[in-house]
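Visitor: Sharing a structure here in structure tokens format.
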Amino acid sequence: MENLLPVPVTEEEPLATVLSTLRMKRLNDHTFEGSNLRQFANRVYGGQVFAQAVIAARATLHGELANRQIHSITAAFLRRGDMQVPTRLEVEDVLDSRSFSTRRVIAYQGDSQIFSARASFQEVQPGVEHESPAPTAPAPDTLQSSVDFFAALDIPDARRMNSTNAVDIRHVDGPIWIRPQKEPNTSTLIWFRLRSPMPAQSSQLLHRAMLAYATDQFMLEPVMRAHGMFWLNKEMSVATLDHAIWWHRDVDMSHWILAELTSPSAQGGRGLAVARYFQDGVHIATMAQEGMVRIRSVQ
């Protein structure tokens, strides 16, 4: 029997396929191999590798260290991945101190590095607490579902997106998949959750990994909205360069999460986005992502 990481099973698609990519094969104590999701962009989806890195890093914490929870990860996306080639993740033990553990994760396809990350884990400890207030937003059930939107489009990329994406996304300012935002803006609000609930036995680590999986697909939207860009524009080129996540509190990917995104700067074909994430009014995570955002006609 293959030595697979213990990720729970569900029969609900497309969540079942996403979780199968996190049920990686352990090649040795610090090396793991995972499959890749099918994506309309015909390349490995960055959120998949991000989530795999979270799971692989945690799998190297043993004994009492296994009680430590991931609280941050900073990653760089180095090369486009090939969906047909398995992704191998190698983990290095950097530090195990009294309160924190640090792991370095490198993802390979063959001999080429496609991704690198530093993940930090902490003992559950008391300490000072405060949080920023959640923004006001209309309820998600009043907004258009991405699932319904893509199902209604007779476009191959849209059909593929609908069959493979496990996330239901609802834009407060309207989607920018097939047309730009009417009034350019550097900020936006997005509700999202998984299309089907996580298996009951899912760990908090898995919920946090799934947050990484979900968010890579819309983090750069405030950059795009500011410049009249939209996803299905054939002249546009978008790619994640680096992405950092700080988890502040527990996450439940089966229930609605509100993302407040803003872009403080764009220059040189790169745009920066910063996001705060809220669930039930509680600030659960913060992210920052820089990406390449270009229109080929103006390069």
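Quick note on naming: the chains in the structure tokens go A, B, ... in the order shown, residues restart at 1 in each chain, and ligands are numbered from 1 in order of appearance.
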Counting only C-alpha atoms, which residues of stretch 115-209 of chain A fall within 9 Å of stretch 51-57 of chain A, and what is the closest atom pair for each with its distance in Å at one decimal, ordered by chain and rising number, as a tab-separated table?
Guide:
```
residue	atom	partner	partner_atom	distance
A:Ser116	CA	A:Ala53	CA	8.7
A:Ala117	CA	A:Ala53	CA	7.5
A:Arg118	CA	A:Ala57	CA	8.9
A:Ala119	CA	A:Ala57	CA	7.0
A:Ser120	CA	A:Ala57	CA	8.9
A:Leu205	CA	A:Ile55	CA	7.4
A:Leu206	CA	A:Ile55	CA	7.3
A:Arg208	CA	A:Val54	CA	8.2
A:Ala209	CA	A:Ala51	CA	4.5
```
Visitor: Stretch 178-244 of chain A near stretch 148-157 of chain A within 12 Å: what's each residue's closest atom pair and its distance in Å to one decimal, counting only C-alpha atoms, ordered by chain then ascending residue number, as a tab-separated table?
Guide:
```
residue	atom	partner	partner_atom	distance
A:Ile178	CA	A:Leu153	CA	10.0
A:Arg195	CA	A:Asp148	CA	11.4
A:Trp231	CA	A:Asp157	CA	10.8
A:Leu232	CA	A:Asp157	CA	8.6
A:Asn233	CA	A:Asp157	CA	11.9
A:Lys234	CA	A:Asp157	CA	11.7
```
Visitor: Taking into account only C-alpha atoms, which residue in the set A:Gln201, A:Ser263, A:Ser20, A:Gln125 is nearest to A:Ser187?
Guide: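 For A:Ser187, the nearest of the given residues is A:Ser263.
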Visitor: If you count only C-alpha atoms, which residues fall within 8 Å of A:Ala166, apart from same-chain ones fewer than 5 positions away, as number ranges by chain?
Guide: A: 13-15, 18, 194-196
Visitor: Would you mind reading off the distance between atom CA of A:His62 and atom CA of A:Val85, one decimal, in Å?
Guide: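 Interatomic distance here is 29.5 Å.
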Visitor: With a distance cut-off of 9 Å and only C-alpha atoms, select the neighbouring residues of stretch 94-99 of chain A, excluding the residue or stretch itself and same-chain residues fewer than 6 positions from it, and output the selection as number ranges by chain.
Guide: A: 65, 68, 121-125
Visitor: Deliver the residues from the most recent selection as a file, using N, CA and C atoms, as an mmCIF file, in the first residue's frame.
Guide:
```cif
data_model
loop_
_atom_site.group_PDB
_atom_site.id
_atom_site.type_symbol
_atom_site.label_atom_id
_atom_site.label_comp_id
_atom_site.auth_asym_id
_atom_site.auth_seq_id
_atom_site.Cartn_x
_atom_site.Cartn_y
_atom_site.Cartn_z
ATOM 1 N N LEU A 65 5.975 18.206 18.514
ATOM 2 C CA LEU A 65 5.929 19.283 17.516
ATOM 3 C C LEU A 65 4.660 19.214 16.667
ATOM 4 N N ARG A 68 1.845 21.841 16.878
ATOM 5 C CA ARG A 68 2.023 23.214 16.414
ATOM 6 C C ARG A 68 1.191 23.484 15.157
ATOM 7 N N PHE A 121 5.389 27.422 12.088
ATOM 8 C CA PHE A 121 4.387 26.801 12.952
ATOM 9 C C PHE A 121 4.638 27.248 14.390
ATOM 10 N N GLN A 122 3.569 27.330 15.183
ATOM 11 C CA GLN A 122 3.696 27.801 16.562
ATOM 12 C C GLN A 122 2.863 26.941 17.503
ATOM 13 N N GLU A 123 3.379 26.766 18.723
ATOM 14 C CA GLU A 123 2.578 26.175 19.792
ATOM 15 C C GLU A 123 1.350 27.045 20.046
ATOM 16 N N VAL A 124 0.243 26.431 20.409
ATOM 17 C CA VAL A 124 -0.935 27.202 20.803
ATOM 18 C C VAL A 124 -0.639 27.851 22.151
ATOM 19 N N GLN A 125 -0.593 29.189 22.156
ATOM 20 C CA GLN A 125 -0.159 29.921 23.344
ATOM 21 C C GLN A 125 -1.057 31.124 23.598
#
```
Visitor: Can you check which residues of stretch 65-199 of chain A DSSP gives as helix (DSSP H, G or I) on the backbone and send them as a ChimeraX atom specification?
Guide: /A:65-67,140-142,146-151,156-164
Visitor: Using only C-alpha atoms, which protein or nucleic acid residues come within 12 Å of A:Ala107? Drop anything in the same chain fewer than 6 positions from it, and give the result as a ChimeraX atom specification.
Guide: /A:30-34,44,46,48-54,56-57,75-81,85-92,113-118
Visitor: Store the residues picked out above in a file with N, CA and C atoms, as a JSON list (two decimals), in the first residue's frame.
Guide:
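So the final result, stored in again12.json, reads:
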```
[["chain", "number", "residue", "atom", "x", "y", "z"],
["A", 30, "HIS", "N", 11.00, 13.45, 4.31],
["A", 30, "HIS", "CA", 10.97, 14.87, 3.95],
["A", 30, "HIS", "C", 10.72, 15.11, 2.46],
["A", 31, "THR", "N", 10.26, 14.11, 1.73],
["A", 31, "THR", "CA", 10.01, 14.26, 0.30],
["A", 31, "THR", "C", 8.64, 13.68, -0.04],
["A", 32, "PHE", "N", 7.86, 14.44, -0.83],
["A", 32, "PHE", "CA", 6.49, 14.07, -1.14],
["A", 32, "PHE", "C", 6.22, 14.31, -2.61],
["A", 33, "GLU", "N", 5.31, 13.53, -3.17],
["A", 33, "GLU", "CA", 4.96, 13.66, -4.58],
["A", 33, "GLU", "C", 3.45, 13.77, -4.72],
["A", 34, "GLY", "N", 3.01, 14.77, -5.47],
["A", 34, "GLY", "CA", 1.57, 14.98, -5.65],
["A", 34, "GLY", "C", 1.19, 15.11, -7.11],
["A", 44, "VAL", "N", 0.16, 24.33, -14.17],
["A", 44, "VAL", "CA", -0.14, 23.98, -12.78],
["A", 44, "VAL", "C", -0.65, 25.23, -12.04],
["A", 46, "GLY", "N", -1.16, 27.71, -9.16],
["A", 46, "GLY", "CA", -0.31, 28.06, -8.03],
["A", 46, "GLY", "C", -0.92, 27.73, -6.69],
["A", 48, "GLN", "N", -2.74, 25.29, -5.89],
["A", 48, "GLN", "CA", -2.56, 23.86, -5.61],
["A", 48, "GLN", "C", -1.21, 23.60, -4.97],
["A", 49, "VAL", "N", -0.14, 24.13, -5.57],
["A", 49, "VAL", "CA", 1.21, 23.91, -5.03],
["A", 49, "VAL", "C", 1.34, 24.57, -3.65],
["A", 50, "PHE", "N", 0.72, 25.73, -3.49],
["A", 50, "PHE", "CA", 0.74, 26.42, -2.21],
["A", 50, "PHE", "C", 0.13, 25.53, -1.11],
["A", 51, "ALA", "N", -1.04, 24.96, -1.41],
["A", 51, "ALA", "CA", -1.70, 24.09, -0.44],
["A", 51, "ALA", "C", -0.89, 22.83, -0.18],
["A", 52, "GLN", "N", -0.29, 22.27, -1.23],
["A", 52, "GLN", "CA", 0.56, 21.08, -1.05],
["A", 52, "GLN", "C", 1.75, 21.39, -0.15],
["A", 53, "ALA", "N", 2.31, 22.59, -0.29],
["A", 53, "ALA", "CA", 3.45, 22.97, 0.55],
["A", 53, "ALA", "C", 3.06, 23.05, 2.02],
["A", 54, "VAL", "N", 1.86, 23.57, 2.30],
["A", 54, "VAL", "CA", 1.37, 23.62, 3.68],
["A", 54, "VAL", "C", 1.28, 22.22, 4.27],
["A", 56, "ALA", "N", 2.76, 19.38, 3.17],
["A", 56, "ALA", "CA", 4.07, 18.71, 3.22],
["A", 56, "ALA", "C", 4.91, 19.22, 4.38],
["A", 57, "ALA", "N", 4.94, 20.54, 4.61],
["A", 57, "ALA", "CA", 5.73, 21.09, 5.71],
["A", 57, "ALA", "C", 5.26, 20.54, 7.05],
["A", 75, "ALA", "N", 5.87, 32.52, -0.01],
["A", 75, "ALA", "CA", 6.24, 31.67, -1.14],
["A", 75, "ALA", "C", 6.60, 32.48, -2.37],
["A", 76, "ALA", "N", 7.42, 31.88, -3.22],
["A", 76, "ALA", "CA", 7.78, 32.46, -4.51],
["A", 76, "ALA", "C", 7.46, 31.43, -5.59],
["A", 77, "PHE", "N", 6.80, 31.87, -6.65],
["A", 77, "PHE", "CA", 6.49, 31.02, -7.80],
["A", 77, "PHE", "C", 7.55, 31.27, -8.86],
["A", 78, "LEU", "N", 8.35, 30.26, -9.14],
["A", 78, "LEU", "CA", 9.57, 30.44, -9.93],
["A", 78, "LEU", "C", 9.41, 30.13, -11.40],
["A", 79, "ARG", "N", 8.68, 29.06, -11.72],
["A", 79, "ARG", "CA", 8.49, 28.65, -13.11],
["A", 79, "ARG", "C", 7.07, 28.13, -13.29],
["A", 80, "ARG", "N", 6.60, 28.20, -14.52],
["A", 80, "ARG", "CA", 5.32, 27.60, -14.86],
["A", 80, "ARG", "C", 5.43, 26.08, -14.74],
["A", 81, "GLY", "N", 4.47, 25.46, -14.07],
["A", 81, "GLY", "CA", 4.48, 24.01, -13.93],
["A", 81, "GLY", "C", 3.72, 23.32, -15.05],
["A", 85, "VAL", "N", 3.30, 16.55, -15.44],
["A", 85, "VAL", "CA", 4.46, 16.08, -14.68],
["A", 85, "VAL", "C", 4.16, 16.13, -13.19],
["A", 86, "PRO", "N", 4.32, 15.03, -12.44],
["A", 86, "PRO", "CA", 4.07, 15.07, -10.99],
["A", 86, "PRO", "C", 4.95, 16.11, -10.32],
["A", 87, "THR", "N", 4.42, 16.71, -9.27],
["A", 87, "THR", "CA", 5.15, 17.72, -8.51],
["A", 87, "THR", "C", 5.76, 17.09, -7.27],
["A", 88, "ARG", "N", 7.07, 17.26, -7.10],
["A", 88, "ARG", "CA", 7.80, 16.71, -5.96],
["A", 88, "ARG", "C", 8.15, 17.82, -5.00],
["A", 89, "LEU", "N", 7.80, 17.65, -3.73],
["A", 89, "LEU", "CA", 8.08, 18.67, -2.72],
["A", 89, "LEU", "C", 9.11, 18.14, -1.72],
["A", 90, "GLU", "N", 10.19, 18.88, -1.57],
["A", 90, "GLU", "CA", 11.25, 18.52, -0.63],
["A", 90, "GLU", "C", 11.25, 19.53, 0.51],
["A", 91, "VAL", "N", 11.24, 19.02, 1.75],
["A", 91, "VAL", "CA", 11.12, 19.87, 2.93],
["A", 91, "VAL", "C", 12.41, 19.82, 3.74],
["A", 92, "GLU", "N", 12.89, 20.98, 4.15],
["A", 92, "GLU", "CA", 14.08, 21.08, 4.99],
["A", 92, "GLU", "C", 13.70, 21.57, 6.39],
["A", 113, "GLN", "N", 13.23, 23.70, -10.25],
["A", 113, "GLN", "CA", 12.44, 24.26, -9.16],
["A", 113, "GLN", "C", 11.32, 25.12, -9.75],
["A", 114, "ILE", "N", 10.09, 24.88, -9.29],
["A", 114, "ILE", "CA", 8.98, 25.70, -9.76],
["A", 114, "ILE", "C", 8.40, 26.57, -8.65],
["A", 115, "PHE", "N", 8.82, 26.32, -7.38],
["A", 115, "PHE", "CA", 8.19, 26.99, -6.25],
["A", 115, "PHE", "C", 9.08, 26.82, -5.03],
["A", 116, "SER", "N", 9.14, 27.86, -4.19],
["A", 116, "SER", "CA", 9.84, 27.74, -2.91],
["A", 116, "SER", "C", 9.05, 28.48, -1.84],
["A", 117, "ALA", "N", 9.17, 28.02, -0.59],
["A", 117, "ALA", "CA", 8.39, 28.64, 0.48],
["A", 117, "ALA", "C", 9.08, 28.44, 1.82],
["A", 118, "ARG", "N", 8.77, 29.36, 2.75],
["A", 118, "ARG", "CA", 9.16, 29.21, 4.14],
["A", 118, "ARG", "C", 7.89, 29.22, 4.98]]
```
Visitor: Which is closest to A:Ile169 among A:Ala139, A:Val7, A:Ala285, A:Ala214, if we use only C-alpha atoms?
Guide: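 Under the stated criterion, the closest residue is A:Ala214.
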Visitor: Can you pull out the residues contacting A:Ala288? Cut-off 8 Å, using only C-alpha atoms, and skip same-chain residues under 5 positions away; I want them as a list in words.
Guide: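 Once the adjacent positions are removed, what remains is His243, Ala244, Ile245, Leu272, Ala273, Val274 and Ala275 of chain A.
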Visitor: Identify which of the residues A:Leu61, A:Ala137, A:Val147, A:Ala66 lies closest to A:Thr164, counting only C-alpha atoms when measuring atom-to-atom distances.
Guide: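 Of the candidates, the smallest distance to A:Thr164 is held by A:Val147.
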Visitor: Can you pull out every residue within 8 Å of A:Thr186, counting only C-alpha atoms, but drop anything in the same chain fewer than 6 positions away, and send it as a PDB file with N, CA and C atoms, in the first residue's frame?
Guide:
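Listed below is the output, around_14.pdb:
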```pdb
ATOM      1  N   PRO A 222      -7.834  43.315  -7.582  1.00  0.00           N
ATOM      2  CA  PRO A 222      -7.843  44.776  -7.438  1.00  0.00           C
ATOM      3  C   PRO A 222      -6.872  45.471  -8.387  1.00  0.00           C
ATOM      4  N   VAL A 223      -5.774  44.828  -8.733  1.00  0.00           N
ATOM      5  CA  VAL A 223      -4.850  45.387  -9.728  1.00  0.00           C
ATOM      6  C   VAL A 223      -5.537  45.448 -11.082  1.00  0.00           C
ATOM      7  N   ARG A 225      -8.781  45.406 -11.740  1.00  0.00           N
ATOM      8  CA  ARG A 225      -9.931  46.322 -11.731  1.00  0.00           C
ATOM      9  C   ARG A 225      -9.497  47.774 -11.897  1.00  0.00           C
ATOM     10  N   ALA A 226      -8.335  48.097 -11.389  1.00  0.00           N
ATOM     11  CA  ALA A 226      -7.850  49.474 -11.486  1.00  0.00           C
ATOM     12  C   ALA A 226      -7.490  49.871 -12.917  1.00  0.00           C
ATOM     13  N   THR A 262      -7.267  45.153  -1.740  1.00  0.00           N
ATOM     14  CA  THR A 262      -6.864  46.467  -2.242  1.00  0.00           C
ATOM     15  C   THR A 262      -5.500  46.353  -2.907  1.00  0.00           C
ATOM     16  N   SER A 263      -5.220  47.270  -3.831  1.00  0.00           N
ATOM     17  CA  SER A 263      -3.914  47.299  -4.493  1.00  0.00           C
ATOM     18  C   SER A 263      -3.260  48.651  -4.240  1.00  0.00           C
ATOM     19  N   PRO A 264      -2.205  48.698  -3.412  1.00  0.00           N
ATOM     20  CA  PRO A 264      -1.549  49.970  -3.122  1.00  0.00           C
ATOM     21  C   PRO A 264      -0.625  50.451  -4.228  1.00  0.00           C
TER      22      PRO A 264
END
```
Visitor: Quick check for you: according to DSSP on this backbone, which residues of stretch 53-130 of chain A are classed as strand (DSSP E)? Reply as a ChimeraX atom specification.
Guide: /A:69-77,87-96,100-109,112-122
Visitor: Atom CA of A:Pro133 and atom CA of A:Val282, how far apart in Å?
Guide: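 Distance between the two atoms: 7.5 Å.
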Visitor: For the atom pair atom CA of A:Leu19 and atom CA of A:Phe192, what is the interatomic distance in Å to one decimal place?
Guide: 17.8 Å
